[in-house]
Amino acid sequence: MLLPPTDARDWVTLTDAALPVGSLQAWAVTPRSGAVVVFLGVVRDHADGRTDVRSMTYEAYEGPAQRVMGEIVVEARRRWPDIERVALLHRVGELDLSEPSVAVAVSSPHRDAAFDAARYCIDTLKETVPIWKQEHWGAGSDWALGEKPIRPVSARAESIADDSESAESESARVGASANPSKA
C-alpha cells in the first residue's frame, strides 16, 4: 500500500500500486489551505479511433519520469508561491477500466491558485513526462494513437507564458473596442 509522506510538502511517485485517492486528499489538507483540488485521470472504455477499450498498460522511463515530475512541482511552486502541498502520482502496469492512472492534488489558501496549479501540473505531466500507454481492446492492443513528442518542462512553461501574454493582449483589445470610452 502506498502511503503519503509524513512531513513533506510534495509527494511525487511512480508506482505499480493502486493510487491512494482518499489518503491523497487527506494529505493535501493543511491548516492554511482554504482549497484542495484533486484531479484523477481514469482508464476509459474508448480512445482516439478505438472503441471497446478494456484496459491500459502504462510504461515509464522511471528515473527520468520521476525527475521530470519533480521539475513540474518546482515550476508550479515558482508560479504559485502560496500553494501548500502538491502531489503527482502516476501508475505503471496494467489497469482495468475506471482505475485511476494519474492523480494530482494541490492545496492552497485560495481556490484560484489551487485550480490553476493543478491544471498546470496535469497538462505539463502529459506533455513532458516519459510515460507511454498501451490500449487493449476487443480486437487486440497497440500503443495509444495521437501521442505527442515529449518536451522539456521549461519549453512547456515558456509556451504557457506566451499564451498568457497573447490572451491578455486580446482581452485588452476586445475590452477597448467594446468600451470606446476606455480606449
# chains A, B, ... in the order shown; residues from 1 in each chain; ligands from 1
>>> residues_around(residues="range 109-113 of chain A", least_positions_apart="3", cutoff="9 Å", atoms="only C-alpha atoms", output="number ranges by chain")
A: 32-37, 80, 82-84, 106, 116-118
>>> write_last_selection(atoms="C-alpha atoms", output="PDB file, in the first residue's frame")
ATOM      1  CA  ARG A  32      -3.540  27.205   5.831  1.00  0.00           C
ATOM      2  CA  SER A  33      -5.450  25.590   2.967  1.00  0.00           C
ATOM      3  CA  GLY A  34      -8.782  27.062   2.002  1.00  0.00           C
ATOM      4  CA  ALA A  35      -8.852  24.983  -1.179  1.00  0.00           C
ATOM      5  CA  VAL A  36      -7.819  21.493  -2.228  1.00  0.00           C
ATOM      6  CA  VAL A  37      -8.091  20.443  -5.854  1.00  0.00           C
ATOM      7  CA  TRP A  80       2.109  29.906  -7.450  1.00  0.00           C
ATOM      8  CA  ASP A  82       1.414  30.299  -1.924  1.00  0.00           C
ATOM      9  CA  ILE A  83       0.459  26.714  -2.711  1.00  0.00           C
ATOM     10  CA  GLU A  84       0.727  24.449   0.290  1.00  0.00           C
ATOM     11  CA  VAL A 106      -2.814  20.868  -4.917  1.00  0.00           C
ATOM     12  CA  ASP A 116      -4.502  26.826 -11.839  1.00  0.00           C
ATOM     13  CA  ALA A 117      -1.584  24.907 -10.325  1.00  0.00           C
ATOM     14  CA  ALA A 118      -3.411  21.557 -10.581  1.00  0.00           C
TER      15      ALA A 118
END
>>> residues_around(residues="Met1 in chain A", least_positions_apart="4", cutoff="9 Å", atoms="only C-alpha atoms", output="list in words")
Ala17, Ala18, Leu19 and Pro20 of chain A
>>> write_last_selection(atoms="N, CA and C atoms", output="PDB file, in the first residue's frame")
ATOM      1  N   ALA A  17       1.374   0.236  -7.584  1.00  0.00           N
ATOM      2  CA  ALA A  17       0.309   0.053  -6.586  1.00  0.00           C
ATOM      3  C   ALA A  17      -0.881   0.948  -6.912  1.00  0.00           C
ATOM      4  N   ALA A  18      -2.043   0.550  -6.425  1.00  0.00           N
ATOM      5  CA  ALA A  18      -3.240   1.376  -6.593  1.00  0.00           C
ATOM      6  C   ALA A  18      -2.995   2.748  -5.965  1.00  0.00           C
ATOM      7  N   LEU A  19      -3.505   3.788  -6.620  1.00  0.00           N
ATOM      8  CA  LEU A  19      -3.323   5.144  -6.099  1.00  0.00           C
ATOM      9  C   LEU A  19      -4.238   5.352  -4.890  1.00  0.00           C
ATOM     10  N   PRO A  20      -3.692   5.837  -3.791  1.00  0.00           N
ATOM     11  CA  PRO A  20      -4.468   6.018  -2.555  1.00  0.00           C
ATOM     12  C   PRO A  20      -5.247   7.340  -2.566  1.00  0.00           C
TER      13      PRO A  20
END
>>> select_by_dssp(residues="range 39-174 of chain A", states="alpha helix (DSSP H)", output="VMD selection string")
chain A and resid 62 to 79 111 to 128 153 to 174
>>> write_last_selection(atoms="C-alpha atoms", output="short mmCIF file (atom, residue, chain, number, x, y, z; two decimals), in the first residue's frame")
data_model
loop_
_atom_site.label_atom_id
_atom_site.label_comp_id
_atom_site.auth_asym_id
_atom_site.auth_seq_id
_atom_site.Cartn_x
_atom_site.Cartn_y
_atom_site.Cartn_z
CA GLU A 62 11.35 5.53 -14.34
CA GLY A 63 14.34 7.69 -13.35
CA PRO A 64 13.71 10.44 -15.90
CA ALA A 65 9.95 10.29 -15.29
CA GLN A 66 10.34 10.92 -11.57
CA ARG A 67 12.92 13.65 -12.20
CA VAL A 68 10.60 15.48 -14.62
CA MET A 69 7.64 15.11 -12.25
CA GLY A 70 9.80 16.79 -9.60
CA GLU A 71 10.63 19.60 -12.05
CA ILE A 72 6.91 20.15 -12.64
CA VAL A 73 6.35 20.61 -8.91
CA VAL A 74 9.27 23.06 -8.69
CA GLU A 75 7.85 25.10 -11.56
CA ALA A 76 4.34 25.04 -10.06
CA ARG A 77 5.75 26.33 -6.77
CA ARG A 78 7.62 29.09 -8.66
CA ARG A 79 4.44 30.19 -10.46
CA ARG A 111 -9.09 28.26 -4.95
CA ASP A 112 -7.71 30.10 -7.99
CA ALA A 113 -4.13 29.09 -7.24
CA ALA A 114 -5.17 25.51 -6.43
CA PHE A 115 -7.13 25.12 -9.68
CA ASP A 116 -4.50 26.83 -11.84
CA ALA A 117 -1.58 24.91 -10.32
CA ALA A 118 -3.41 21.56 -10.58
CA ARG A 119 -4.26 22.16 -14.24
CA TYR A 120 -0.67 23.21 -14.95
CA CYS A 121 0.62 20.05 -13.25
CA ILE A 122 -1.58 17.58 -15.17
CA ASP A 123 -1.18 19.32 -18.53
CA THR A 124 2.60 19.57 -18.12
CA LEU A 125 2.86 15.97 -16.90
CA LYS A 126 1.06 14.79 -20.06
CA GLU A 127 3.44 16.78 -22.29
CA THR A 128 6.76 16.26 -20.57
CA VAL A 153 9.23 21.34 -18.67
CA SER A 154 10.93 24.65 -19.49
CA ALA A 155 9.52 24.58 -23.06
CA ARG A 156 6.03 23.95 -21.69
CA ALA A 157 6.44 26.83 -19.20
CA GLU A 158 7.59 29.20 -21.98
CA SER A 159 4.64 28.32 -24.23
CA ILE A 160 2.20 28.94 -21.36
CA ALA A 161 3.78 32.35 -20.73
CA ASP A 162 3.46 33.21 -24.44
CA ASP A 163 -0.20 32.07 -24.47
CA SER A 164 -0.93 34.12 -21.36
CA GLU A 165 0.58 37.28 -22.87
CA SER A 166 -1.42 36.77 -26.09
CA ALA A 167 -4.65 36.26 -24.13
CA GLU A 168 -4.04 39.42 -22.07
CA SER A 169 -3.37 41.46 -25.23
CA GLU A 170 -6.51 40.09 -26.89
CA SER A 171 -8.58 40.77 -23.77
CA ALA A 172 -7.33 44.36 -23.62
CA ARG A 173 -8.06 44.86 -27.34
CA VAL A 174 -11.59 43.43 -27.05
#
>>> select_by_dssp(residues="range 12-45 of chain A", states="strand (DSSP E)", output="number ranges by chain")
A: 12-15, 35-42
>>> atom_distance(atom1="CA of Pro152 in chain A", atom2="CA of Val21 in chain A")
27.9 Å
>>> atom_distance(atom1="CA of Pro31 in chain A", atom2="CA of Ala8 in chain A")
14.6 Å
>>> residues_around(residues="Arg54 in chain A", least_positions_apart="3", cutoff="8 Å", atoms="only C-alpha atoms", output="MDAnalysis selection string")
chainID A and resid 45 96:97 135:138
>>> atom_distance(atom1="CA of Phe39 in chain A", atom2="CA of Ser141 in chain A")
27.0 Å
>>> residues_around(residues="Trp27 in chain A", least_positions_apart="6", cutoff="9 Å", atoms="only C-alpha atoms", output="mmCIF file with C-alpha atoms, in the first residue's frame")
data_model
loop_
_atom_site.group_PDB
_atom_site.id
_atom_site.type_symbol
_atom_site.label_atom_id
_atom_site.label_comp_id
_atom_site.auth_asym_id
_atom_site.auth_seq_id
_atom_site.Cartn_x
_atom_site.Cartn_y
_atom_site.Cartn_z
ATOM 1 C CA PRO A 4 1.788 9.612 1.859
ATOM 2 C CA PRO A 5 4.920 11.293 3.176
ATOM 3 C CA THR A 6 4.541 12.457 6.757
ATOM 4 C CA ARG A 85 1.027 20.851 -0.887
#
